[in-house]
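Student: Just so it is clear, I am handing over data.tsv, which has TSV, C-alpha atoms and all ligand atoms.
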```tsv
chain	number	residue	atom	x	y	z
A	1	MET	CA	27.50	3.83	-47.50
A	2	LYS	CA	25.30	1.30	-49.25
A	3	ILE	CA	21.57	1.37	-48.70
A	4	GLY	CA	21.78	-2.13	-47.24
A	5	THR	CA	24.32	-0.98	-44.65
A	6	VAL	CA	22.19	2.02	-43.67
A	7	PHE	CA	19.22	-0.29	-43.29
A	8	ALA	CA	21.25	-2.67	-41.12
A	9	ILE	CA	22.54	0.14	-38.89
A	10	THR	CA	19.08	1.67	-38.55
A	11	THR	CA	17.52	-1.69	-37.76
A	12	LEU	CA	20.24	-2.39	-35.22
A	13	GLY	CA	19.70	1.04	-33.63
A	14	LEU	CA	16.01	0.36	-33.46
A	15	LEU	CA	16.58	-3.04	-31.93
A	16	VAL	CA	19.00	-1.60	-29.37
A	17	SER	CA	16.55	1.13	-28.38
A	18	VAL	CA	13.63	-1.29	-28.20
A	19	HIS	CA	15.76	-3.54	-26.04
A	20	ALA	CA	16.83	-0.62	-23.83
A	21	MET	CA	13.21	0.35	-23.41
A	22	ALA	CA	12.23	-3.16	-22.45
A	23	GLN	CA	15.03	-3.18	-19.91
A	24	LYS	CA	14.02	0.09	-18.32
A	25	THR	CA	12.43	-0.35	-14.91
A	26	LEU	CA	9.24	1.27	-13.70
A	27	ALA	CA	11.27	3.05	-11.03
A	28	GLU	CA	13.43	4.62	-13.74
A	29	ALA	CA	10.49	5.42	-16.00
A	30	THR	CA	8.52	7.13	-13.23
A	31	LYS	CA	11.50	9.08	-11.83
A	32	GLY	CA	10.58	12.74	-11.37
A	33	LYS	CA	6.88	11.85	-11.47
A	34	PHE	CA	6.41	9.68	-8.41
A	35	LEU	CA	8.23	6.99	-6.47
A	36	PHE	CA	7.36	3.49	-7.59
A	37	GLY	CA	7.33	0.91	-4.84
A	38	VAL	CA	6.45	-2.53	-3.60
A	39	ALA	CA	5.40	-4.14	-0.33
A	40	VAL	CA	7.95	-6.71	0.83
A	41	ASN	CA	7.75	-9.67	3.16
A	42	MET	CA	10.42	-11.11	5.44
A	43	GLN	CA	11.38	-13.97	3.11
A	44	GLN	CA	12.31	-11.34	0.57
A	45	VAL	CA	14.22	-9.29	3.12
A	46	ASN	CA	16.02	-12.45	4.26
A	47	GLY	CA	16.89	-13.46	0.70
A	48	VAL	CA	15.09	-16.83	0.85
A	49	SER	CA	14.46	-16.44	-2.88
A	50	PRO	CA	17.40	-14.34	-4.10
A	51	ILE	CA	15.65	-13.65	-7.43
A	52	GLU	CA	12.84	-11.90	-5.60
A	53	SER	CA	15.17	-9.84	-3.42
A	54	GLU	CA	17.13	-8.79	-6.52
A	55	LEU	CA	13.98	-7.84	-8.44
A	56	ILE	CA	12.81	-5.72	-5.52
A	57	ALA	CA	16.18	-3.96	-5.39
A	58	LYS	CA	16.26	-3.39	-9.15
A	59	GLU	CA	12.72	-2.54	-10.16
A	60	PHE	CA	11.47	-0.30	-7.36
A	61	SER	CA	12.57	3.01	-5.84
A	62	THR	CA	10.73	2.59	-2.54
A	63	ILE	CA	9.59	-0.22	-0.24
A	64	VAL	CA	7.07	-0.72	2.52
A	65	ALA	CA	6.85	-3.64	4.95
A	66	GLU	CA	3.86	-5.87	4.26
A	67	ASN	CA	3.64	-6.85	7.95
A	68	CYS	CA	6.74	-6.48	10.13
A	69	MET	CA	6.25	-2.88	11.26
A	70	LYS	CA	2.64	-3.27	12.37
A	71	PRO	CA	1.70	-2.91	16.05
A	72	GLN	CA	1.36	-6.64	16.79
A	73	PRO	CA	4.79	-7.71	15.51
A	74	THR	CA	6.68	-4.70	16.90
A	75	HIS	CA	4.91	-4.39	20.24
A	76	PRO	CA	3.27	-7.71	21.18
A	77	GLU	CA	3.04	-6.95	24.91
A	78	GLU	CA	2.98	-3.75	26.90
A	79	ASN	CA	6.61	-3.95	27.93
A	80	LYS	CA	7.97	-6.00	25.07
A	81	PHE	CA	9.21	-4.81	21.69
A	82	ASN	CA	10.46	-6.95	18.80
A	83	TRP	CA	12.73	-5.07	16.47
A	84	GLU	CA	14.51	-7.87	14.68
A	85	ASP	CA	12.42	-7.98	11.51
A	86	ALA	CA	11.75	-4.26	11.27
A	87	ASP	CA	15.47	-3.52	11.71
A	88	LYS	CA	16.33	-5.94	8.90
A	89	PHE	CA	13.63	-4.49	6.68
A	90	VAL	CA	14.88	-0.91	7.09
A	91	ALA	CA	18.50	-2.00	6.52
A	92	PHE	CA	17.40	-3.88	3.36
A	93	GLY	CA	15.90	-0.70	1.92
A	94	GLU	CA	18.98	1.33	2.83
A	95	LYS	CA	21.28	-1.23	1.24
A	96	ASN	CA	19.25	-0.94	-1.97
A	97	LYS	CA	19.21	2.88	-1.75
A	98	GLN	CA	15.42	2.84	-1.61
A	99	VAL	CA	13.08	5.21	0.17
A	100	VAL	CA	11.65	3.39	3.19
A	101	THR	CA	8.01	3.91	4.21
A	102	GLY	CA	6.61	2.94	7.61
A	103	HIS	CA	3.34	0.96	7.78
A	104	CYS	CA	1.54	1.35	10.16
A	105	LEU	CA	1.38	2.91	13.64
A	106	ILE	CA	-2.26	2.84	14.73
A	107	TRP	CA	-4.61	0.22	13.30
A	108	HIS	CA	-7.52	-1.68	14.85
A	109	SER	CA	-6.19	-4.90	13.27
A	110	GLN	CA	-2.90	-6.75	13.88
A	111	ILE	CA	-2.57	-5.14	17.29
A	112	GLY	CA	-2.12	-6.78	20.68
A	113	ARG	CA	-5.30	-6.80	22.78
A	114	TRP	CA	-3.18	-5.60	25.71
A	115	MET	CA	-3.35	-2.08	24.24
A	116	PHE	CA	-6.99	-1.66	25.23
A	117	VAL	CA	-7.47	-3.56	28.50
A	118	ASP	CA	-6.26	-3.50	32.09
A	119	SER	CA	-5.12	-6.52	34.12
A	120	THR	CA	-8.75	-7.48	34.84
A	121	GLY	CA	-9.68	-7.40	31.14
A	122	LYS	CA	-11.69	-4.18	31.37
A	123	ASP	CA	-11.27	-1.34	28.87
A	124	VAL	CA	-8.64	1.14	30.00
A	125	SER	CA	-9.44	4.82	30.56
A	126	PRO	CA	-8.92	7.38	27.78
A	127	GLU	CA	-5.82	8.67	29.60
A	128	VAL	CA	-4.24	5.22	29.81
A	129	LEU	CA	-4.94	4.48	26.13
A	130	LYS	CA	-3.46	7.83	25.10
A	131	GLU	CA	-0.32	7.10	27.08
A	132	ARG	CA	-0.01	3.61	25.58
A	133	MET	CA	-0.44	5.04	22.09
A	134	ARG	CA	2.18	7.67	22.81
A	135	LYS	CA	4.68	5.12	24.07
A	136	HIS	CA	4.07	2.86	21.07
A	137	ILE	CA	4.43	5.66	18.53
A	138	TYR	CA	7.46	7.21	20.23
A	139	ALA	CA	9.20	3.83	20.36
A	140	VAL	CA	8.61	2.85	16.73
A	141	VAL	CA	9.01	6.23	15.06
A	142	GLY	CA	11.88	7.16	17.40
A	143	ARG	CA	13.79	3.98	16.58
A	144	TYR	CA	13.81	4.73	12.83
A	145	LYS	CA	14.02	8.51	13.08
A	146	GLY	CA	15.67	9.95	9.99
A	147	ARG	CA	15.62	6.57	8.20
A	148	VAL	CA	11.92	6.24	7.38
A	149	LYS	CA	10.63	8.95	5.06
A	150	GLY	CA	7.03	8.83	6.21
A	151	TRP	CA	4.53	6.86	8.25
A	152	ASP	CA	1.02	5.55	7.77
A	153	VAL	CA	0.08	7.03	11.13
A	154	VAL	CA	-3.53	5.85	11.22
A	155	ASN	CA	-4.84	3.03	9.08
A	156	GLU	CA	-8.48	2.35	8.15
A	157	ALA	CA	-10.38	4.50	10.66
A	158	PHE	CA	-13.46	4.90	8.43
A	159	GLU	CA	-16.34	2.74	7.31
A	160	ASP	CA	-17.28	2.90	3.63
A	161	ASN	CA	-20.30	5.09	4.48
A	162	GLY	CA	-17.99	7.78	5.84
A	163	SER	CA	-18.70	7.19	9.51
A	164	TYR	CA	-15.90	6.39	11.92
A	165	ARG	CA	-15.13	2.71	12.38
A	166	LYS	CA	-16.18	1.72	15.89
A	167	SER	CA	-12.73	0.38	16.75
A	168	LYS	CA	-11.45	0.11	20.30
A	169	PHE	CA	-9.49	3.33	19.73
A	170	TYR	CA	-12.71	5.08	18.72
A	171	GLN	CA	-14.77	3.55	21.51
A	172	ILE	CA	-12.36	4.71	24.18
A	173	LEU	CA	-11.11	8.02	22.77
A	174	GLY	CA	-13.63	9.07	20.11
A	175	LYS	CA	-12.32	10.46	16.84
A	176	ASP	CA	-9.60	12.39	18.71
A	177	PHE	CA	-7.47	9.25	18.73
A	178	ILE	CA	-6.49	10.21	15.18
A	179	LYS	CA	-5.35	13.67	16.22
A	180	TYR	CA	-3.31	12.28	19.13
A	181	ALA	CA	-1.63	9.74	16.86
A	182	PHE	CA	-0.55	12.46	14.41
A	183	GLN	CA	0.69	14.67	17.24
A	184	TYR	CA	2.76	11.89	18.82
A	185	ALA	CA	4.24	10.83	15.47
A	186	HIS	CA	5.27	14.41	14.73
A	187	GLU	CA	6.85	14.79	18.16
A	188	ALA	CA	8.78	11.55	17.68
A	189	ASP	CA	10.25	12.58	14.30
A	190	PRO	CA	9.48	16.17	13.27
A	191	ASN	CA	10.96	15.58	9.82
A	192	ALA	CA	8.94	12.48	8.95
A	193	GLU	CA	6.03	12.78	6.55
A	194	LEU	CA	2.73	11.69	8.06
A	195	TYR	CA	-0.08	9.92	6.22
A	196	TYR	CA	-3.63	8.72	6.76
A	197	ASN	CA	-4.21	5.41	4.91
A	198	ASP	CA	-7.43	3.60	3.93
A	199	TYR	CA	-9.08	1.32	1.37
A	200	ASN	CA	-12.12	2.14	-0.83
A	201	VAL	CA	-11.20	5.82	-0.81
A	202	GLU	CA	-13.06	5.87	-4.15
A	203	SER	CA	-16.32	5.45	-2.23
A	204	PRO	CA	-17.73	9.03	-2.28
A	205	THR	CA	-19.04	8.88	1.29
A	206	LYS	CA	-15.80	7.47	2.63
A	207	CYS	CA	-13.74	10.03	0.73
A	208	ASP	CA	-15.90	12.84	2.13
A	209	GLY	CA	-15.35	11.53	5.66
A	210	ILE	CA	-11.59	11.45	5.08
A	211	VAL	CA	-11.57	14.97	3.60
A	212	GLN	CA	-13.47	16.26	6.65
A	213	MET	CA	-10.94	14.55	8.93
A	214	VAL	CA	-8.04	16.11	7.01
A	215	LYS	CA	-9.60	19.55	7.46
A	216	GLU	CA	-10.06	18.96	11.17
A	217	LEU	CA	-6.49	17.74	11.60
A	218	LYS	CA	-5.16	20.78	9.78
A	219	ALA	CA	-7.38	23.11	11.84
A	220	ALA	CA	-5.97	21.50	14.99
A	221	GLY	CA	-2.46	22.31	13.74
A	222	CYS	CA	-1.46	18.72	12.95
A	223	ARG	CA	0.98	17.81	10.24
A	224	ILE	CA	-0.59	15.59	7.57
A	225	ASP	CA	1.27	15.33	4.27
A	226	ALA	CA	-0.80	12.87	2.32
A	227	VAL	CA	-3.72	10.50	2.23
A	228	GLY	CA	-2.85	6.97	1.19
A	229	SER	CA	-5.43	5.45	-1.10
A	230	GLN	CA	-4.73	1.74	-0.76
A	231	SER	CA	-6.25	0.98	-4.18
A	232	HIS	CA	-7.06	-2.70	-3.71
A	233	MET	CA	-9.03	-2.86	-6.94
A	234	HIS	CA	-11.00	-5.39	-8.95
A	235	ILE	CA	-11.20	-6.07	-12.63
A	236	ASN	CA	-14.48	-4.10	-12.89
A	237	THR	CA	-14.46	-1.76	-9.91
A	238	PRO	CA	-13.93	1.02	-8.95
A	239	SER	CA	-14.42	3.06	-12.12
A	240	VAL	CA	-11.71	5.39	-13.36
A	241	ALA	CA	-14.21	8.26	-12.96
A	242	ALA	CA	-14.89	7.46	-9.29
A	243	THR	CA	-11.17	7.15	-8.65
A	244	GLU	CA	-10.50	10.49	-10.33
A	245	THR	CA	-13.24	12.15	-8.28
A	246	SER	CA	-11.56	10.95	-5.10
A	247	PHE	CA	-8.22	12.39	-6.30
A	248	LYS	CA	-9.87	15.74	-7.04
A	249	LYS	CA	-11.44	15.90	-3.60
A	250	LEU	CA	-8.18	15.10	-1.85
A	251	LYS	CA	-6.23	17.55	-3.98
A	252	ASP	CA	-8.78	20.28	-3.14
A	253	ALA	CA	-8.35	19.45	0.54
A	254	GLY	CA	-4.69	20.42	0.20
A	255	VAL	CA	-3.07	17.04	0.79
A	256	HIS	CA	-0.93	14.95	-1.46
A	257	ILE	CA	-1.99	11.45	-2.50
A	258	LEU	CA	-0.17	8.13	-2.26
A	259	ILE	CA	-1.27	4.96	-4.00
A	260	THR	CA	-0.17	2.73	-1.16
A	261	GLU	CA	-1.32	-0.86	-1.76
A	262	TRP	CA	-2.17	-1.17	-5.43
A	263	ASP	CA	-3.36	-4.49	-6.83
A	264	ILE	CA	-6.12	-5.45	-9.24
A	265	SER	CA	-7.77	-8.78	-8.55
A	266	ILE	CA	-8.71	-10.68	-11.70
A	267	LEU	CA	-11.12	-12.99	-9.84
A	268	PRO	CA	-14.87	-12.69	-9.26
A	269	SER	CA	-15.43	-11.07	-5.90
A	270	PRO	CA	-18.18	-11.38	-3.34
A	271	TYR	CA	-16.88	-8.23	-1.62
A	272	ASP	CA	-15.18	-4.94	-2.58
A	273	GLY	CA	-12.88	-3.92	0.18
A	274	ALA	CA	-9.89	-4.90	2.27
A	275	ASN	CA	-11.46	-5.58	5.66
A	276	ILE	CA	-9.46	-8.66	6.49
A	277	SER	CA	-12.10	-10.08	8.81
A	278	MET	CA	-14.32	-10.76	5.78
A	279	ASN	CA	-14.28	-14.35	4.62
A	280	PHE	CA	-16.42	-16.26	2.12
A	281	LYS	CA	-16.82	-19.94	1.27
A	282	TYR	CA	-14.66	-21.44	-1.50
A	283	SER	CA	-16.29	-22.64	-4.70
A	284	LYS	CA	-14.84	-23.56	-8.10
A	285	GLU	CA	-16.90	-20.88	-9.86
A	286	MET	CA	-15.20	-18.26	-7.70
A	287	ASP	CA	-11.76	-19.62	-8.63
A	288	PRO	CA	-11.94	-19.89	-12.44
A	289	TYR	CA	-8.30	-19.42	-13.48
A	290	ARG	CA	-6.49	-22.26	-11.76
A	291	ASP	CA	-5.05	-23.42	-15.08
A	292	GLY	CA	-4.27	-19.98	-16.44
A	293	VAL	CA	-6.00	-16.80	-17.48
A	294	PRO	CA	-7.79	-16.77	-20.88
A	295	ASP	CA	-6.38	-14.21	-23.28
A	296	SER	CA	-9.54	-12.10	-23.38
A	297	VAL	CA	-9.56	-11.78	-19.57
A	298	GLN	CA	-5.84	-11.04	-19.51
A	299	GLN	CA	-6.34	-8.26	-22.07
A	300	LYS	CA	-9.12	-6.82	-19.97
A	301	TRP	CA	-6.89	-6.85	-16.88
A	302	ASN	CA	-4.02	-5.24	-18.82
A	303	LYS	CA	-6.31	-2.46	-19.99
A	304	ARG	CA	-7.50	-1.87	-16.45
A	305	VAL	CA	-3.91	-1.60	-15.21
A	306	LEU	CA	-3.09	0.89	-17.96
A	307	ASP	CA	-6.25	2.96	-17.44
A	308	MET	CA	-5.52	3.30	-13.73
A	309	PHE	CA	-1.81	3.89	-14.23
A	310	GLU	CA	-2.59	6.62	-16.75
A	311	LEU	CA	-4.83	8.27	-14.17
A	312	PHE	CA	-2.00	8.12	-11.62
A	313	LEU	CA	0.31	9.74	-14.18
A	314	LYS	CA	-2.25	12.43	-14.94
A	315	TYR	CA	-2.25	13.40	-11.26
A	316	ASN	CA	1.50	13.13	-10.77
A	317	ASP	CA	1.60	16.72	-9.50
A	318	VAL	CA	-0.07	15.49	-6.30
A	319	ILE	CA	0.63	11.75	-6.34
A	320	ASP	CA	4.02	11.26	-4.70
A	321	ARG	CA	4.20	7.48	-4.71
A	322	VAL	CA	2.62	4.40	-6.28
A	323	THR	CA	3.25	1.19	-4.35
A	324	VAL	CA	2.16	-2.26	-5.53
A	325	TRP	CA	1.01	-4.60	-2.75
A	326	GLY	CA	3.40	-7.47	-3.32
A	327	LEU	CA	5.99	-8.47	-5.89
A	328	SER	CA	4.47	-11.49	-7.62
A	329	ASP	CA	1.26	-13.44	-8.01
A	330	THR	CA	2.77	-16.24	-5.91
A	331	GLY	CA	2.83	-14.30	-2.67
A	332	THR	CA	-0.16	-11.99	-3.05
A	333	TRP	CA	-2.48	-11.78	-0.06
A	334	LEU	CA	-5.38	-12.05	-2.55
A	335	ASN	CA	-4.76	-15.79	-2.98
A	336	GLY	CA	-6.27	-16.01	0.51
A	337	PHE	CA	-8.76	-13.12	0.58
A	338	PRO	CA	-11.73	-12.84	0.77
A	339	ILE	CA	-11.89	-16.56	-0.09
A	340	ARG	CA	-9.09	-18.87	0.98
A	341	GLY	CA	-7.18	-21.06	-1.47
A	342	ARG	CA	-7.80	-19.26	-4.76
A	343	LYS	CA	-5.36	-18.38	-7.51
A	344	ASP	CA	-5.28	-14.67	-8.27
A	345	TYR	CA	-3.10	-12.67	-10.67
A	346	PRO	CA	-3.25	-9.10	-9.31
A	347	VAL	CA	0.32	-7.70	-9.48
A	348	LEU	CA	3.07	-6.95	-11.98
A	349	PHE	CA	5.29	-10.07	-11.81
A	350	ASP	CA	3.98	-13.57	-12.56
A	351	ARG	CA	4.47	-16.83	-10.68
A	352	ASN	CA	7.85	-17.33	-12.35
A	353	ASN	CA	8.98	-13.87	-11.27
A	354	GLN	CA	8.74	-12.66	-14.85
A	355	ARG	CA	7.73	-9.09	-15.45
A	356	LYS	CA	4.28	-9.05	-17.08
A	357	SER	CA	4.04	-7.63	-20.60
A	358	VAL	CA	1.83	-4.80	-19.34
A	359	VAL	CA	4.86	-3.27	-17.62
A	360	ASP	CA	6.42	-2.34	-20.97
A	361	ASP	CA	3.17	-0.62	-21.91
A	362	MET	CA	3.15	1.22	-18.57
A	363	ILE	CA	6.68	2.40	-19.27
A	364	LYS	CA	5.62	3.65	-22.69
A	365	LEU	CA	2.74	5.55	-21.09
A	366	THR	CA	5.08	7.43	-18.76
A	367	LYS	CA	6.47	9.30	-21.78
A	368	LYS	CA	3.12	11.02	-22.32
A	369	TYR	CA	3.30	12.79	-18.93
B	401	LIG	O1	-0.90	-8.21	3.05
B	401	LIG	C1	-1.05	-8.29	4.46
B	401	LIG	C2	-1.26	-9.72	4.87
B	401	LIG	O2	-0.08	-10.47	4.66
B	401	LIG	C3	-1.64	-9.81	6.33
B	401	LIG	O3	-2.00	-11.13	6.68
B	401	LIG	C4	-2.80	-8.88	6.61
B	401	LIG	C5	-3.11	-8.96	8.07
B	401	LIG	O4	-3.68	-7.89	8.59
B	401	LIG	O5	-2.48	-7.56	6.22
B	401	LIG	C6	-2.24	-7.44	4.85
B	401	LIG	O6	-1.99	-6.09	4.51
B	401	LIG	C7	-3.07	-5.19	4.70
B	401	LIG	C8	-2.47	-3.84	5.02
B	401	LIG	O7	-1.61	-3.93	6.10
B	401	LIG	C9	-3.56	-2.81	5.27
B	401	LIG	N1	-4.50	-2.74	4.20
B	401	LIG	C10	-5.04	-4.00	3.75
B	401	LIG	C11	-3.92	-4.98	3.43
B	401	LIG	C12	-4.45	-6.25	2.86
B	401	LIG	O8	-5.23	-6.90	3.84
```
Using structure tokens, write down the structure that the file contains.
Tutor:
Amino acid sequence: MKIGTVFAITTLGLLVSVHAMAQKTLAEATKGKFLFGVAVNMQQVNGVSPIESELIAKEFSTIVAENCMKPQPTHPEENKFNWEDADKFVAFGEKNKQVVTGHCLIWHSQIGRWMFVDSTGKDVSPEVLKERMRKHIYAVVGRYKGRVKGWDVVNEAFEDNGSYRKSKFYQILGKDFIKYAFQYAHEADPNAELYYNDYNVESPTKCDGIVQMVKELKAAGCRIDAVGSQSHMHINTPSVAATETSFKKLKDAGVHILITEWDISILPSPYDGANISMNFKYSKEMDPYRDGVPDSVQQKWNKRVLDMFELFLKYNDVIDRVTVWGLSDTGTWLNGFPIRGRKDYPVLFDRNNQRKSVVDDMIKLTKKY
């Protein structure tokens, strides 16, 4: 064989393998380490943009509903359930052979006010609220028994300072509402995994509060498989060190970790958190990338994604799933939060549904772990 031929074959081999690597999906690259998922909306389930539905099916091994399984949509009135969207969502995941996660059973937000009041508008008694919670959880978990791998049983019960959020659930039942929710979910589907889910878990005081709650739940004999760290991040915060500390604390508490709602906002932020009632006034300075992201900022964002992803990989013995909160920059909730009408770039596919270049670098990183 001539040297030229050898060179051609080697180059071709190299090109083929580079191409194959570029084609690999994050779900494939993370297989055996953790599930890699995305939050989906109903347009995607309904195939309004077939490209998006196909990307979701191809690139991810697990899905979660961005909205349709929450208390308000599934249970808008005491004696009324709406299953249409949730049914379609679960069937969509099954069709794509994806692991389906349930989000979320008990949350102070996106829940009908009926849950907490009687016919005169007064707060119900603890017994009545417990019974309403039980019926809600039994209905939702029972309906998808055996089809949903695990549930975010309670969402966002803590303030960032580690105290309990003074939600209606807390006001009426005290912190025991969390224990009841886990008990009811376990009764409704004994095989389902059960999770506690929150944002800013990297805040040391909040993380300590969650760890204490996990210990109390375990002492009370409740099943709790994992804590979901939502991971709504910013280009500068939280630090990798603070994030790692939170992972260590959770690991020591004997629970697994899920990265449940990962995104990294590229925009300046007046607020670090995901409390959706926060809202700030629009200004051009707070929306600097309407015409595109400058290269230096894009590089900084890419590095941030890789630093965090590497941390997730480092803890893959306890991190069971990494889910990105939304497929593309077009549909991200961050275009409307905490300031309406901005243009953010926080997830892994761009506004043309193209995979961002950072994904190839993430795939390369998986080989190290
Ligand atoms: O992304 C969701 C957005 O479409 C909804 O309008 C919003 C309403 O509550 O909820 C968003 O998802 C939230 C998730 O359910 C819980 N953690 C914070 C998420 C972002 O607000």
Student: Pull the closest atom pair for each residue of chain A that gets at most 10 Å from ligand LIG 401 (chain B), along with the distance in Å to one decimal, counting all atoms listed in the file, ordering rows by chain and then ascending residue number, as a tab-separated table.
Tutor:
```
residue	atom	partner	partner_atom	distance
A:Ala39	CA	B:LIG401	O1	8.2
A:Val40	CA	B:LIG401	O1	9.2
A:Asn41	CA	B:LIG401	O2	8.0
A:Val64	CA	B:LIG401	O7	9.9
A:Ala65	CA	B:LIG401	O7	8.5
A:Glu66	CA	B:LIG401	O1	5.4
A:Asn67	CA	B:LIG401	C1	6.0
A:Cys68	CA	B:LIG401	O2	9.6
A:Met69	CA	B:LIG401	O7	9.5
A:Lys70	CA	B:LIG401	O7	7.6
A:Gln72	CA	B:LIG401	O4	9.7
A:His103	CA	B:LIG401	O7	7.2
A:Cys104	CA	B:LIG401	O7	7.4
A:Trp107	CA	B:LIG401	C9	8.6
A:His108	CA	B:LIG401	O4	9.6
A:Ser109	CA	B:LIG401	O4	6.1
A:Gln110	CA	B:LIG401	O4	5.5
A:Ile111	CA	B:LIG401	O4	9.2
A:Asp152	CA	B:LIG401	C9	9.9
A:Asn155	CA	B:LIG401	C9	7.1
A:Glu156	CA	B:LIG401	N1	7.6
A:Asn197	CA	B:LIG401	N1	8.2
A:Asp198	CA	B:LIG401	N1	7.0
A:Tyr199	CA	B:LIG401	N1	6.7
A:Ser229	CA	B:LIG401	N1	9.8
A:Gln230	CA	B:LIG401	N1	6.7
A:Ser231	CA	B:LIG401	N1	9.3
A:His232	CA	B:LIG401	C10	7.8
A:Thr260	CA	B:LIG401	N1	8.8
A:Glu261	CA	B:LIG401	N1	7.0
A:Trp262	CA	B:LIG401	C11	9.8
A:Asp263	CA	B:LIG401	C12	9.9
A:Gly273	CA	B:LIG401	C10	8.6
A:Ala274	CA	B:LIG401	C10	5.2
A:Asn275	CA	B:LIG401	O8	6.6
A:Ile276	CA	B:LIG401	O8	5.3
A:Ser277	CA	B:LIG401	O4	8.7
A:Trp325	CA	B:LIG401	O1	7.1
A:Gly326	CA	B:LIG401	O1	7.7
A:Gly331	CA	B:LIG401	O2	8.8
A:Thr332	CA	B:LIG401	O1	7.2
A:Trp333	CA	B:LIG401	O1	5.0
A:Leu334	CA	B:LIG401	C12	8.0
A:Gly336	CA	B:LIG401	O3	9.0
A:Phe337	CA	B:LIG401	O8	7.9
A:Pro338	CA	B:LIG401	O8	9.3
```
Student: I'd like the contact shell of Lys175 (chain A) - 12 Å cut-off, all atoms listed in the file, skipping same-chain residues fewer than 2 positions apart - returned as a PyMOL selection string.
Tutor: chain A and resi 126+154+157-158+163-173+177-181+209-210+212-213+216-217
Student: Rounded to one decimal in Å, what is the spacing between CA of Glu52 (chain A) and CA of Glu28 (chain A)?
Tutor: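 CA of Glu28 (chain A) lies 18.4 Å from CA of Glu52 (chain A).
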Student: Restricting the calculation to only C-alpha atoms, which member of A:Asn46, A:Asn279, A:Thr323, A:Gln183 is positioned closest to Ile339 (chain A)?
Tutor: A:Asn279
Student: Calculate how many Å separate CA of Gly162 (chain A) from CA of Thr205 (chain A), rounding to one decimal.
Tutor: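 Between CA of Gly162 (chain A) and CA of Thr205 (chain A) the gap works out to 4.8 Å.
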Student: Can you tell me which residues surround Asp85 (chain A) at a distance of at most 9 Å, considering all atoms listed in the file, apart from same-chain residues fewer than 3 positions away, and format the answer as a VMD selection string?
Tutor: chain A and resid 42 45 68 to 69 73 to 74 82 88 to 90
Student: Could you state the separation of CA of Ile224 (chain A) and CA of Val211 (chain A) in Å, given to one decimal place?
Tutor: 11.7 Å
Student: Compare A:Asn79, A:Asn161, A:Asn236, A:Asn96 by their minimum atom-to-atom distance to Asn200 (chain A), counting all atoms listed in the file, and give me the closest one.
Tutor: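 Going through A:Asn79, A:Asn161, A:Asn236, A:Asn96 one by one, the smallest distance to Asn200 (chain A) is for A:Asn161.
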Student: Could you tell me which of A:Glu78, A:Lys149, A:Asp87, A:Val322 comes closest to Phe116 (chain A) if we count all atoms listed in the file?
Tutor: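 So, comparing all the options, the nearest one is A:Glu78.
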Student: Counting only C-alpha atoms, figure out which residue out of A:Val358, A:Ile259, A:Leu267, A:Ala226 gets nearest to Lys284 (chain A).
Tutor: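 Nearest to Lys284 (chain A): A:Leu267.
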